[in-house]
$ cat upload_38.cif   # mmCIF, C-alpha atoms
data_input
#
loop_
_atom_site.label_atom_id
_atom_site.label_comp_id
_atom_site.auth_asym_id
_atom_site.auth_seq_id
_atom_site.Cartn_x
_atom_site.Cartn_y
_atom_site.Cartn_z
CA MET K 278 182.25 -82.34 119.68
CA TYR K 279 184.53 -79.55 118.55
CA GLY K 280 181.47 -77.31 118.24
CA GLU K 281 180.96 -77.69 122.01
CA THR K 282 184.57 -76.67 122.59
CA PHE K 283 183.92 -73.49 120.65
CA LEU K 284 180.69 -72.77 122.54
CA ARG K 285 182.49 -72.96 125.87
CA THR K 286 184.66 -70.04 124.77
CA GLU K 287 181.52 -67.90 124.43
CA MET K 288 180.03 -68.59 127.89
CA SER K 289 180.61 -65.06 129.11
CA ARG K 290 178.46 -63.63 126.30
CA MET K 291 175.73 -66.17 126.98
CA ARG K 292 175.70 -65.32 130.70
CA GLU K 293 175.25 -61.65 129.82
CA PHE K 294 172.12 -62.52 127.84
CA TYR K 295 170.73 -64.68 130.65
CA GLU K 296 171.20 -61.88 133.16
CA VAL K 297 169.02 -59.38 131.26
CA LYS K 298 165.87 -61.35 132.08
CA SER K 299 165.72 -59.65 135.48
CA LYS K 300 165.96 -56.14 134.08
CA GLN K 301 163.17 -53.86 132.90
CA ARG K 302 165.41 -51.53 130.93
CA ILE K 303 167.74 -53.36 128.56
CA GLU K 304 170.89 -52.29 126.75
CA ILE K 305 172.90 -55.08 125.18
CA SER K 306 174.78 -55.94 121.98
CA GLY K 307 174.41 -58.98 119.75
CA PHE K 308 173.99 -60.41 116.29
CA VAL K 309 170.78 -59.90 114.31
CA LYS K 310 168.64 -62.57 112.66
CA GLY K 311 165.42 -61.18 111.18
CA THR K 312 162.12 -63.05 111.42
CA SER K 313 159.88 -60.34 109.89
CA ASP K 314 159.93 -56.64 108.99
CA ARG K 315 159.21 -55.62 112.58
CA HIS K 316 160.86 -58.43 114.54
CA PHE K 317 164.28 -60.02 114.92
CA ILE K 318 166.26 -62.35 117.14
CA LEU K 319 169.34 -61.01 118.94
CA LEU K 320 172.07 -63.56 119.69
CA PRO K 321 175.32 -63.42 121.69
CA THR K 322 177.12 -65.25 118.87
CA MET K 323 176.02 -66.59 115.49
CA ILE K 324 176.15 -70.22 116.64
CA THR K 325 174.67 -70.18 120.14
CA PRO K 326 170.98 -71.14 119.87
CA GLN K 327 170.79 -71.84 123.62
CA VAL K 328 170.13 -68.20 124.48
CA TYR K 329 168.67 -65.26 122.55
CA LEU K 330 166.41 -62.24 122.85
CA GLN K 331 163.23 -61.77 120.82
CA CYS K 332 162.97 -58.15 119.73
CA SER K 333 160.11 -56.03 118.44
CA LEU K 334 160.70 -52.60 116.94
CA THR K 335 158.86 -49.45 117.98
CA GLU K 336 156.91 -47.71 115.23
CA GLY K 337 159.10 -46.03 112.60
CA LEU K 338 162.35 -47.70 113.67
CA PRO K 339 163.98 -49.64 110.79
CA ARG K 340 165.17 -53.19 111.33
CA PRO K 341 168.94 -53.72 111.43
CA GLU K 342 170.43 -55.86 108.67
CA ASP K 343 170.70 -59.61 109.04
CA ASN K 344 173.99 -60.80 110.57
CA SER K 345 174.92 -57.28 111.67
CA TYR K 346 176.21 -56.65 115.17
CA VAL K 347 174.25 -53.93 116.96
CA ARG K 348 173.63 -52.47 120.39
CA ILE K 349 169.94 -52.23 121.28
CA GLN K 350 168.07 -50.21 123.89
CA GLY K 351 164.54 -50.99 125.01
CA ARG K 352 162.30 -52.37 127.71
CA SER K 353 161.41 -55.96 128.48
CA PHE K 354 157.92 -57.37 128.73
CA TRP K 355 156.45 -60.84 129.15
CA PHE K 356 154.19 -61.49 126.19
CA ASP K 357 152.85 -64.85 127.42
CA SER K 358 150.88 -64.01 130.54
CA SER K 359 149.83 -67.64 130.97
CA ARG K 360 153.41 -68.62 131.73
CA SER K 361 153.99 -68.71 135.47
CA ASP K 362 157.71 -69.36 135.07
CA LYS K 363 159.12 -65.91 134.29
CA THR K 364 162.66 -67.34 134.15
CA VAL K 365 162.02 -68.81 130.69
CA LEU K 366 163.80 -66.45 128.32
CA ASP K 367 161.59 -67.47 125.38
CA SER K 368 158.64 -65.83 127.15
CA MET K 369 160.33 -62.44 127.22
CA ARG K 370 160.51 -59.86 124.46
CA VAL K 371 162.30 -56.57 124.13
CA LEU K 372 160.52 -53.56 122.71
CA VAL K 373 163.44 -51.85 120.99
CA ASP K 374 163.26 -48.04 120.87
CA ALA K 375 166.84 -47.46 119.64
CA TRP K 376 169.74 -49.36 118.12
CA LYS K 377 173.13 -48.57 116.64
CA PRO K 378 175.92 -50.52 114.94
CA ASP K 379 178.47 -51.87 117.37
CA THR K 380 181.81 -53.67 117.29
CA SER K 381 181.80 -57.18 118.63
CA ASN K 382 183.77 -57.41 121.86
CA ILE K 383 183.67 -61.19 121.96
CA ASP K 384 186.97 -62.37 123.40
CA LYS K 385 189.01 -64.08 120.74
CA THR K 386 189.87 -67.68 121.40
CA LYS K 387 193.36 -67.75 122.84
CA THR K 388 195.94 -69.70 120.90
CA ASP K 389 199.48 -70.64 121.83
CA ILE K 390 200.65 -71.31 118.27
CA GLY K 391 201.45 -69.14 115.28
CA PHE K 392 201.03 -69.62 111.54
CA GLU K 393 204.17 -71.78 111.17
CA ASP K 394 203.05 -74.12 113.94
CA PHE K 395 199.56 -74.19 112.48
CA LYS K 396 200.93 -75.40 109.14
CA ASN K 397 202.99 -78.03 110.92
CA GLU K 398 199.84 -79.27 112.68
CA ILE K 399 198.06 -79.59 109.34
CA PHE K 400 200.88 -81.23 107.39
CA THR K 401 202.30 -83.50 110.08
CA ARG K 402 201.96 -86.51 107.77
CA MET K 403 202.89 -84.73 104.53
CA LEU K 404 206.56 -83.92 104.11
CA ASN K 405 208.47 -81.86 101.53
CA VAL K 406 205.46 -79.81 100.41
CA GLU K 407 206.76 -76.66 98.72
CA PRO K 408 206.60 -73.77 101.24
CA HIS K 409 204.43 -71.51 99.06
CA ILE K 410 201.98 -74.38 98.44
CA ARG K 411 201.78 -75.10 102.19
CA ASP K 412 200.97 -71.45 102.72
CA LEU K 413 198.29 -71.34 100.01
CA LEU K 414 196.56 -74.42 101.40
CA ALA K 415 196.75 -73.13 104.97
CA PHE K 416 195.41 -69.72 103.91
CA GLN K 417 192.20 -71.50 102.92
CA VAL K 418 191.59 -72.48 106.55
CA VAL K 419 192.66 -69.09 107.89
CA SER K 420 190.22 -67.71 105.28
CA CYS K 421 189.44 -64.02 104.79
CA PRO K 422 186.46 -61.80 105.59
CA PRO K 423 183.96 -60.82 102.87
CA ILE K 424 185.07 -58.31 100.23
CA LYS K 425 182.30 -55.84 99.38
CA HIS K 426 179.37 -58.06 98.32
CA SER K 427 181.45 -61.22 97.84
CA ALA K 428 181.66 -63.99 100.41
CA GLY K 429 185.02 -64.39 102.10
CA GLY K 430 187.22 -67.46 101.83
CA ILE K 431 189.77 -68.71 99.28
CA ALA K 432 189.29 -71.25 96.46
CA VAL K 433 192.34 -73.32 95.49
CA CYS K 434 192.52 -75.92 92.73
CA LEU K 435 195.27 -78.41 93.62
CA PHE K 436 196.72 -80.45 90.76
CA ASP K 437 199.03 -83.38 91.50
CA ALA K 438 202.55 -83.96 90.19
CA THR K 439 203.09 -86.88 92.61
CA HIS K 440 200.89 -89.25 90.56
CA ARG K 441 199.92 -90.89 93.89
CA SER K 442 196.67 -89.04 94.62
CA PHE K 443 198.45 -86.98 97.29
CA SER K 444 196.44 -83.89 96.37
CA ARG K 445 193.33 -85.53 97.77
CA ARG K 446 195.24 -86.67 100.84
CA ALA K 447 196.33 -83.08 101.37
CA ILE K 448 192.73 -81.92 101.28
CA ARG K 449 191.72 -84.68 103.71
CA GLU K 450 194.54 -83.58 106.04
CA ILE K 451 193.12 -80.07 106.06
CA LYS K 452 189.59 -81.31 106.71
CA ARG K 453 190.85 -83.58 109.53
CA ASN K 454 191.29 -80.53 111.73
CA ILE K 455 187.97 -78.86 110.87
CA PRO K 456 184.90 -80.09 112.79
CA SER K 457 182.55 -81.89 110.41
CA ASP K 458 179.54 -80.20 112.02
CA LEU K 459 181.03 -76.70 112.02
CA GLY K 460 179.31 -75.54 108.86
CA LYS K 461 175.97 -77.24 109.41
CA PRO K 462 173.06 -74.83 109.77
CA TYR K 463 170.87 -74.91 112.85
CA LEU K 464 167.19 -73.95 112.57
CA LEU K 465 166.16 -71.92 115.61
CA ASN K 466 162.40 -72.06 116.23
CA THR K 467 161.01 -69.29 118.41
CA SER K 468 157.53 -68.03 119.17
CA MET K 469 158.42 -65.03 116.98
CA GLY K 470 159.51 -67.08 113.98
CA ARG K 471 162.41 -69.09 112.61
CA ALA K 472 166.04 -68.12 112.14
CA THR K 473 168.91 -70.12 110.64
CA LEU K 474 172.20 -70.04 112.52
CA ARG K 475 175.55 -71.12 111.14
CA TYR K 476 179.21 -70.59 111.89
CA ARG K 477 180.64 -67.81 109.71
CA PHE K 478 183.11 -70.17 107.95
CA ASN K 479 182.81 -73.45 106.09
CA PHE K 480 185.32 -75.56 104.17
CA ALA K 481 184.20 -77.66 101.21
CA SER K 482 186.01 -79.91 98.73
CA VAL K 483 185.18 -80.83 95.14
CA ASP K 484 186.55 -83.41 92.69
CA ALA K 485 188.16 -81.29 89.98
CA ASP K 486 188.46 -84.29 87.65
CA LYS K 487 184.69 -84.45 87.27
CA LEU K 488 182.42 -81.97 85.57
CA LEU K 489 181.80 -79.21 88.09
CA SER K 490 178.22 -78.90 89.23
CA GLU K 491 176.23 -75.85 88.21
CA ARG K 492 176.14 -74.85 91.88
CA THR K 493 179.95 -74.97 92.18
CA VAL K 494 180.50 -72.99 88.97
CA GLU K 495 177.97 -70.40 90.08
CA PHE K 496 179.73 -70.01 93.44
CA LEU K 497 183.15 -69.62 91.81
CA LYS K 498 181.80 -66.99 89.41
CA ARG K 499 179.62 -64.98 91.81
CA ARG K 500 181.09 -65.84 95.23
CA THR K 501 177.75 -65.61 96.98
CA SER K 502 177.14 -67.99 99.86
CA PRO K 503 174.96 -68.40 102.96
CA TYR K 504 178.25 -68.38 104.87
CA ASP K 505 180.21 -65.19 105.49
CA GLU K 506 183.29 -67.17 104.44
CA LEU K 507 183.51 -70.32 102.32
CA SER K 508 186.83 -71.82 101.27
CA LEU K 509 186.74 -74.38 98.48
CA SER K 510 189.39 -76.98 97.66
CA LEU K 511 189.23 -78.48 94.18
CA GLY K 512 191.44 -81.56 94.10
CA SER K 513 192.69 -83.21 90.91
CA MET K 514 194.70 -86.43 90.47
CA GLN K 515 196.14 -84.99 87.23
CA GLU K 516 199.31 -82.94 86.94
CA LYS K 517 197.60 -80.42 84.71
CA PRO K 518 194.21 -79.57 83.19
CA THR K 519 193.41 -80.25 79.56
CA SER K 520 193.35 -76.47 79.06
CA ILE K 521 194.12 -73.41 81.17
CA GLU K 522 190.53 -72.39 80.44
CA ASP K 523 189.07 -75.44 82.21
CA PRO K 524 186.74 -74.15 84.98
CA PRO K 525 188.63 -75.58 88.02
CA CYS K 526 191.82 -73.93 86.76
CA ALA K 527 190.37 -70.67 85.45
CA LEU K 528 187.72 -70.00 88.10
CA SER K 529 189.59 -70.82 91.31
CA ASP K 530 191.50 -68.05 93.06
CA LEU K 531 194.73 -69.99 92.75
CA PRO K 532 195.36 -73.11 90.68
CA THR K 533 198.57 -74.76 91.86
CA ILE K 534 200.44 -78.08 91.69
CA LEU K 535 201.47 -80.37 94.53
CA ASN K 536 205.18 -81.01 93.90
CA GLU K 537 206.29 -84.51 92.91
CA ASP K 538 208.71 -85.14 95.81
CA VAL K 539 206.02 -84.94 98.52
CA GLN K 540 206.22 -87.83 100.98
CA TRP K 541 203.45 -89.36 103.07
CA VAL K 542 204.12 -90.67 106.59
CA SER K 543 201.50 -93.23 107.65
CA ARG K 544 200.57 -92.90 111.30
CA LYS K 545 197.36 -92.41 113.23
CA LEU K 546 196.66 -88.84 114.27
CA ASP K 547 193.85 -87.25 116.21
CA PRO K 548 192.57 -83.83 115.14
CA SER K 549 194.62 -81.01 116.62
CA ILE K 550 192.95 -78.90 119.29
CA ASP K 551 195.65 -76.26 118.85
CA ALA K 552 194.91 -76.06 115.10
CA LEU K 553 191.19 -75.67 115.84
CA LYS K 554 191.80 -72.88 118.35
CA TYR K 555 194.07 -71.12 115.89
CA MET K 556 191.47 -71.36 113.11
CA ILE K 557 188.73 -69.92 115.32
CA ALA K 558 190.99 -67.13 116.50
CA MET K 559 191.72 -66.22 112.87
CA HIS K 560 188.02 -66.18 111.97
CA ASN K 561 187.33 -63.73 114.78
CA ALA K 562 189.80 -61.28 113.25
CA LEU K 563 188.30 -58.90 110.68
CA PRO K 564 191.09 -56.91 109.01
CA THR K 565 190.08 -54.13 106.63
CA MET K 566 191.60 -52.53 103.54
CA ASN K 567 191.04 -49.76 101.02
CA THR K 568 189.90 -51.98 98.16
CA THR K 569 189.78 -49.49 95.26
CA PRO K 570 193.51 -48.64 94.98
CA ALA K 571 194.41 -52.27 95.75
CA LEU K 572 192.19 -53.55 92.94
CA LEU K 573 193.57 -51.01 90.46
CA SER K 574 197.14 -51.90 91.39
CA VAL K 575 196.65 -55.63 90.85
CA HIS K 576 194.64 -54.95 87.69
CA GLU K 577 197.64 -53.17 86.16
CA LYS K 578 199.89 -56.04 87.20
CA MET K 579 197.63 -58.49 85.33
CA ILE K 580 198.00 -56.39 82.18
CA GLU K 581 201.79 -56.46 82.59
CA LEU K 582 201.76 -60.25 83.12
CA GLN K 583 199.90 -60.84 79.88
CA ASP K 584 202.53 -58.92 77.94
CA ARG K 585 205.49 -60.27 79.90
CA TYR K 586 204.57 -63.92 79.28
CA ASP K 587 203.27 -63.33 75.74
CA ILE K 588 199.84 -64.71 76.63
CA PRO K 589 196.90 -63.82 74.37
CA SER K 590 195.15 -60.72 75.67
CA HIS K 591 191.76 -62.45 75.77
CA GLN K 592 193.06 -64.31 78.84
CA LEU K 593 192.51 -61.00 80.68
CA ALA K 594 188.77 -61.39 80.15
CA ARG K 595 186.32 -62.37 82.87
CA PHE K 596 186.59 -66.00 83.98
CA LYS K 597 189.89 -66.54 82.14
CA LEU K 598 193.28 -67.40 83.64
CA LEU K 599 194.45 -63.78 84.02
CA ASP K 600 190.99 -62.33 84.69
CA ALA K 601 191.88 -58.66 85.23
CA SER K 602 188.40 -57.50 86.28
CA CYS K 603 187.93 -56.54 89.91
CA ARG K 604 186.03 -59.74 90.75
CA GLY K 605 188.74 -61.88 89.16
CA ARG K 606 192.46 -62.18 89.95
CA PRO K 607 192.69 -58.76 91.64
CA GLU K 608 190.13 -59.89 94.19
CA SER K 609 191.99 -63.20 94.58
CA VAL K 610 195.14 -61.31 95.57
CA LEU K 611 193.12 -59.21 98.02
CA ARG K 612 191.81 -62.42 99.58
CA LEU K 613 195.38 -63.60 100.12
CA ALA K 614 196.35 -60.23 101.63
CA LEU K 615 193.44 -60.32 104.07
CA ALA K 616 194.22 -63.92 105.10
CA ASP K 617 197.86 -62.96 105.62
CA ALA K 618 196.78 -59.99 107.76
CA ARG K 619 194.94 -62.41 110.03
CA THR K 620 198.08 -64.49 110.54
CA ARG K 621 200.02 -61.33 111.42
CA ALA K 622 197.31 -59.99 113.76
CA SER K 623 197.13 -56.89 111.59
CA GLU K 624 193.91 -54.88 111.59
CA ARG K 625 194.63 -53.10 108.32
CA VAL K 626 195.99 -54.25 104.94
CA MET K 627 198.22 -51.62 103.36
CA SER K 628 199.28 -51.27 99.72
CA ASP K 629 202.72 -52.73 100.52
CA ASP K 630 201.00 -55.84 101.93
CA THR K 631 198.99 -56.34 98.74
CA ASN K 632 202.09 -55.89 96.56
CA ARG K 633 204.01 -58.37 98.71
CA MET K 634 201.29 -61.00 98.45
CA PHE K 635 201.13 -60.51 94.70
CA HIS K 636 204.88 -61.03 94.24
CA ASP K 637 205.48 -63.65 96.94
CA TYR K 638 202.47 -65.82 96.22
CA PHE K 639 200.47 -65.00 93.09
CA LEU K 640 203.44 -64.28 90.81
CA ARG K 641 205.61 -67.01 92.29
CA ASN K 642 202.81 -69.51 91.81
CA PHE K 643 202.15 -68.27 88.27
CA ASP K 644 205.83 -68.75 87.38
CA TYR K 645 205.54 -72.27 88.75
CA LEU K 646 202.48 -72.99 86.58
CA TYR K 647 204.03 -71.41 83.50
CA ASP K 648 207.17 -73.53 83.76
CA THR K 649 205.28 -76.77 84.46
CA TRP K 650 202.50 -76.26 81.92
CA ALA K 651 204.62 -74.79 79.12
CA ASP K 652 202.75 -76.81 76.48
CA LEU K 653 199.36 -75.52 77.65
CA PHE K 654 200.48 -71.91 77.37
CA THR K 655 201.98 -72.54 73.92
CA GLU K 656 198.69 -74.00 72.70
CA THR K 657 196.80 -71.01 74.06
CA VAL K 658 198.91 -68.58 72.03
CA LEU K 659 197.37 -70.06 68.89
CA ALA K 660 193.84 -69.21 70.01
CA SER K 661 191.90 -66.41 68.32
CA HIS K 662 189.19 -64.19 69.74
CA HIS K 663 187.04 -62.14 67.39
CA PRO K 664 183.47 -61.80 68.71
CA ARG K 665 180.82 -60.06 66.62
CA LEU K 666 179.87 -56.67 68.07
CA SER K 667 176.82 -54.50 67.50
CA PRO K 668 177.07 -50.79 66.57
CA ASP K 669 176.13 -49.82 70.14
CA GLU K 670 178.81 -52.10 71.57
CA LEU K 671 181.40 -50.63 69.23
CA ARG K 672 180.36 -47.16 70.33
CA ILE K 673 180.72 -48.11 74.01
CA MET K 674 184.22 -49.42 73.35
CA LYS K 675 185.18 -46.25 71.46
CA ILE K 676 184.10 -44.12 74.42
CA ALA K 677 185.99 -46.34 76.86
CA ARG K 678 189.16 -46.07 74.74
CA LYS K 679 188.87 -42.29 74.79
CA TYR K 680 188.84 -42.26 78.60
CA GLU K 681 191.67 -44.80 78.73
CA ARG K 682 193.98 -42.11 77.41
CA SER K 683 193.40 -40.17 80.63
CA ARG K 684 195.56 -40.73 83.70
CA ARG K 685 193.11 -43.05 85.41
CA ARG K 686 192.71 -45.25 82.29
CA TYR K 687 189.03 -46.19 82.59
CA ALA K 688 185.54 -44.81 81.92
CA THR K 689 182.82 -44.91 84.54
CA PHE K 690 179.33 -46.23 83.93
CA ASP K 691 177.89 -42.72 84.29
CA GLU K 692 180.31 -41.30 81.72
CA ILE K 693 179.47 -44.01 79.19
CA GLN K 694 175.77 -43.60 79.85
CA GLN K 695 175.96 -39.84 79.38
CA GLU K 696 177.78 -40.10 76.05
CA THR K 697 175.72 -42.95 74.59
CA ALA K 698 172.36 -41.70 75.95
CA LEU K 699 171.40 -45.37 76.43
CA GLN K 700 168.92 -46.23 79.13
CA PRO K 701 170.77 -47.47 82.27
CA LEU K 702 169.26 -50.97 82.11
CA VAL K 703 170.11 -51.26 78.42
CA LEU K 704 173.67 -50.14 79.05
CA GLU K 705 173.94 -52.61 81.96
CA ARG K 706 173.07 -55.41 79.55
CA PHE K 707 175.60 -54.28 76.95
CA LEU K 708 178.38 -53.98 79.52
CA PHE K 709 177.56 -57.40 80.95
CA ASP K 710 177.86 -58.94 77.48
CA LEU K 711 181.06 -57.05 76.69
CA THR K 712 182.77 -58.05 79.95
CA GLN K 713 181.35 -61.49 80.77
CA THR K 714 180.06 -63.01 77.53
CA LYS K 715 182.13 -61.59 74.69
CA GLY K 716 185.18 -60.86 76.82
CA VAL K 717 186.40 -57.68 75.12
CA MET K 718 186.22 -55.29 78.08
CA MET K 719 187.37 -55.34 81.71
CA GLU K 720 185.95 -53.85 84.90
CA PRO K 721 189.02 -52.75 86.96
CA ILE K 722 186.82 -51.49 89.81
CA PRO K 723 183.04 -51.76 90.16
CA ARG K 724 181.18 -49.79 87.46
CA ALA K 725 184.38 -48.67 85.67
CA TYR K 726 185.43 -50.10 82.32
CA ARG K 727 188.30 -50.34 79.87
CA VAL K 728 188.93 -52.27 76.65
CA ILE K 729 191.15 -55.35 76.69
CA PRO K 730 194.43 -54.53 74.84
CA ASP K 731 194.71 -55.62 71.19
CA VAL K 732 191.01 -56.48 70.88
#

$ encode --input "upload_38.cif" --output "structure tokens"
Amino acid sequence: MYGETFLRTEMSRMREFYEVKSKQRIEISGFVKGTSDRHFILLPTMITPQVYLQCSLTEGLPRPEDNSYVRIQGRSFWFDSSRSDKTVLDSMRVLVDAWKPDTSNIDKTKTDIGFEDFKNEIFTRMLNVEPHIRDLLAFQVVSCPPIKHSAGGIAVCLFDATHRSFSRRAIREIKRNIPSDLGKPYLLNTSMGRATLRYRFNFASVDADKLLSERTVEFLKRRTSPYDELSLSLGSMQEKPTSIEDPPCALSDLPTILNEDVQWVSRKLDPSIDALKYMIAMHNALPTMNTTPALLSVHEKMIELQDRYDIPSHQLARFKLLDASCRGRPESVLRLALADARTRASERVMSDDTNRMFHDYFLRNFDYLYDTWADLFTETVLASHHPRLSPDELRIMKIARKYERSRRRYATFDEIQQETALQPLVLERFLFDLTQTKGVMMEPIPRAYRVIPDV
């Protein structure tokens, strides 16, 4: 299995864990899986259940967070005195007296191909796919690390101008090179308790022509997942949605259209080992970025887009096509920038990188949609948006507008709370309704708010 191929690349880390059984004083790094408040399992990698250390904490020492990578110090002891075979690692525990966050030094899987070759491996049987669409689909497999409290990964809704169901073939071509068992969880049973192990990334596909399940909609809205990274492909046999507000179109990071002149070459192909190695190497890379200025920059670009294309301003609201809140299109652009950084072996995403990904991919793709779906955008212009607001909601909006006249152009939660004197939980509810239900305010960065123009 491919999973076994991946495990072989981690043998050096596993050997290091096996070797500690002969030591009384232990210092070693690994990944944390908690089993109780005072106990956890330490693993060489997140998908190697063959070897692990069972750890107990000394009094007063807090437990490290699940999935974190830490370096522990402590002493070993054999808690099952009836066991005569002291080579069985499951009979040993570590009494941890100190731990600290660490950086994983797991050797990245070596790969002899780059991003261009990787795309060629994926689309060997699909010819004439527009370059920016090839990139967007490949970025899903490259994926991106989590952003703040959101799972990593990229969600693309692929519509089909070929009228030959090639969008679904494209998704199958991507999945052909991803091990089917890669995302399956493994339940590790130890004498200290149970822990669930899974590879950090999974790739899933959904039929966009059917009503999306509640689970899928919830993921697209909240981006919470048991995986660190989950990329989702939503494939449609249609050239366009019935409305640009349809969930697959509005909620995915990037709705796009497979161009009509795509050709399919029928020939038998085995999954590509080189593509697998490249994917794993990308997932081991964890580029970082300063998210606040990046989110604000893309937020302003969304405002400009709405005016430039004469699209109703309510499309800037949460879960709409130009969702300008931080968890909407701005975060989608950041996901692209982080995926691109992986392909360039860059450890840090700079503001120029985010701007480039916005113009080269998001804006280029939006132009493509706007030209192809001209009738859908024309129909949307006729829409109206006049929700009923309470006196408190009107007061919140008035305060936000006052702060919008400042240079930074938003009001913080604390500023609104101070001026309204509303209880924090009450204000939280109002702001949730104004941003996510009634769609009259935006959240450019977490806990900062501004009113949607012309509302």

$ residues_around --input "upload_38.cif" --residues "stretch 568-574 of chain K" --least-positions-apart "4" --cutoff "8 Å" --atoms "only C-alpha atoms" --output "list in words"
Lys578, Cys603, Pro607, Glu608, Leu611, Ser628, Thr631, Pro721 and Ile722 of chain K

$ closest_residue --input "upload_38.cif" --among "K:Arg449, K:Arg612, K:Arg686, K:Lys310" --to "K:Leu413" --atoms "all atoms listed in the file"
K:Arg612

$ closest_residue --input "upload_38.cif" --among "K:Cys332, K:Leu563, K:Met323, K:Ala698" --to "K:Arg477" --atoms "only C-alpha atoms"
K:Met323

$ closest_atom_pairs --input "upload_38.cif" --of "stretch 373-490 of chain K" --to "stretch 507-510 of chain K" --cutoff "8 Å" --atoms "only C-alpha atoms" --output "tab-separated table"
residue	atom	partner	partner_atom	distance
K:Gln417	CA	K:Ser508	CA	5.6
K:Val418	CA	K:Ser508	CA	7.1
K:Ser420	CA	K:Ser508	CA	6.7
K:Ala428	CA	K:Leu507	CA	6.9
K:Gly429	CA	K:Leu507	CA	6.1
K:Gly430	CA	K:Ser508	CA	4.4
K:Ile431	CA	K:Ser508	CA	4.7
K:Ala432	CA	K:Leu509	CA	4.5
K:Val433	CA	K:Ser510	CA	5.2
K:Cys434	CA	K:Ser510	CA	5.9
K:Leu435	CA	K:Ser510	CA	7.3
K:Ile448	CA	K:Ser510	CA	7.0
K:Phe478	CA	K:Leu507	CA	5.6
K:Asn479	CA	K:Leu507	CA	4.9
K:Phe480	CA	K:Ser508	CA	5.0
K:Ala481	CA	K:Leu509	CA	5.0
K:Ser482	CA	K:Ser510	CA	4.6
K:Val483	CA	K:Ser510	CA	6.2

$ residues_around --input "upload_38.cif" --residues "K:Tyr647" --least-positions-apart "5" --cutoff "12 Å" --atoms "all atoms listed in the file" --output "compact mmCIF listing (two decimals) with C-alpha atoms, in the frame of the given file"
# COMPACT_ATOMS: atom_id res chain seq x y z
CA LYS K 517 197.60 -80.42 84.71
CA ILE K 521 194.12 -73.41 81.17
CA PRO K 532 195.36 -73.11 90.68
CA THR K 533 198.57 -74.76 91.86
CA ILE K 534 200.44 -78.08 91.69
CA LEU K 582 201.76 -60.25 83.12
CA GLN K 583 199.90 -60.84 79.88
CA ARG K 585 205.49 -60.27 79.90
CA TYR K 586 204.57 -63.92 79.28
CA ASP K 587 203.27 -63.33 75.74
CA ILE K 588 199.84 -64.71 76.63
CA LEU K 598 193.28 -67.40 83.64
CA LEU K 640 203.44 -64.28 90.81
CA ARG K 641 205.61 -67.01 92.29
CA ASN K 642 202.81 -69.51 91.81
CA ASP K 652 202.75 -76.81 76.48
CA LEU K 653 199.36 -75.52 77.65
CA PHE K 654 200.48 -71.91 77.37
CA THR K 655 201.98 -72.54 73.92
CA THR K 657 196.80 -71.01 74.06

$ atom_distance --input "upload_38.cif" --atom1 "atom CA of K:Lys679" --atom2 "atom CA of K:Asp731"
15.0 Å

$ resolve_selection --input "upload_38.cif" --expression "the PyMOL selection byres ((chain K and resi 688) around 12)" --output "ChimeraX atom specification"
/K:673-687,689-696,708,718-728

$ atom_distance --input "upload_38.cif" --atom1 "atom CA of K:Ser306" --atom2 "atom CA of K:Ala558"
20.4 Å

$ resolve_selection --input "upload_38.cif" --expression "the PyMOL selection byres ((chain K and resi 319) around 10)" --output "short mmCIF file (atom, residue, chain, number, x, y, z; two decimals) with C-alpha atoms, in the coordinates of the input"
data_model
loop_
_atom_site.label_atom_id
_atom_site.label_comp_id
_atom_site.auth_asym_id
_atom_site.auth_seq_id
_atom_site.Cartn_x
_atom_site.Cartn_y
_atom_site.Cartn_z
CA PHE K 294 172.12 -62.52 127.84
CA ILE K 305 172.90 -55.08 125.18
CA SER K 306 174.78 -55.94 121.98
CA GLY K 307 174.41 -58.98 119.75
CA PHE K 308 173.99 -60.41 116.29
CA VAL K 309 170.78 -59.90 114.31
CA LYS K 310 168.64 -62.57 112.66
CA GLY K 311 165.42 -61.18 111.18
CA HIS K 316 160.86 -58.43 114.54
CA PHE K 317 164.28 -60.02 114.92
CA ILE K 318 166.26 -62.35 117.14
CA LEU K 320 172.07 -63.56 119.69
CA PRO K 321 175.32 -63.42 121.69
CA THR K 322 177.12 -65.25 118.87
CA MET K 323 176.02 -66.59 115.49
CA VAL K 328 170.13 -68.20 124.48
CA TYR K 329 168.67 -65.26 122.55
CA LEU K 330 166.41 -62.24 122.85
CA GLN K 331 163.23 -61.77 120.82
CA CYS K 332 162.97 -58.15 119.73
CA ASN K 344 173.99 -60.80 110.57
CA SER K 345 174.92 -57.28 111.67
CA TYR K 346 176.21 -56.65 115.17
CA VAL K 347 174.25 -53.93 116.96
CA ARG K 348 173.63 -52.47 120.39
CA ILE K 349 169.94 -52.23 121.28
CA VAL K 371 162.30 -56.57 124.13
#

$ closest_residue --input "upload_38.cif" --among "K:Arg292, K:Arg706, K:Arg595, K:Arg621" --to "K:Phe392" --atoms "all atoms listed in the file"
K:Arg621

$ atom_distance --input "upload_38.cif" --atom1 "atom CA of K:Asn567" --atom2 "atom CA of K:Ala616"
15.1 Å

$ closest_residue --input "upload_38.cif" --among "K:Ser381, K:Thr714, K:Thr473, K:Gln515" --to "K:Pro664" --atoms "all atoms listed in the file"
K:Thr714

$ closest_residue --input "upload_38.cif" --among "K:Arg340, K:Arg665, K:Arg544, K:Lys715" --to "K:Ala375" --atoms "only C-alpha atoms"
K:Arg340

$ closest_residue --input "upload_38.cif" --among "K:Leu699, K:Ile729, K:Leu671, K:Val542" --to "K:Met579" --atoms "all atoms listed in the file"
K:Ile729
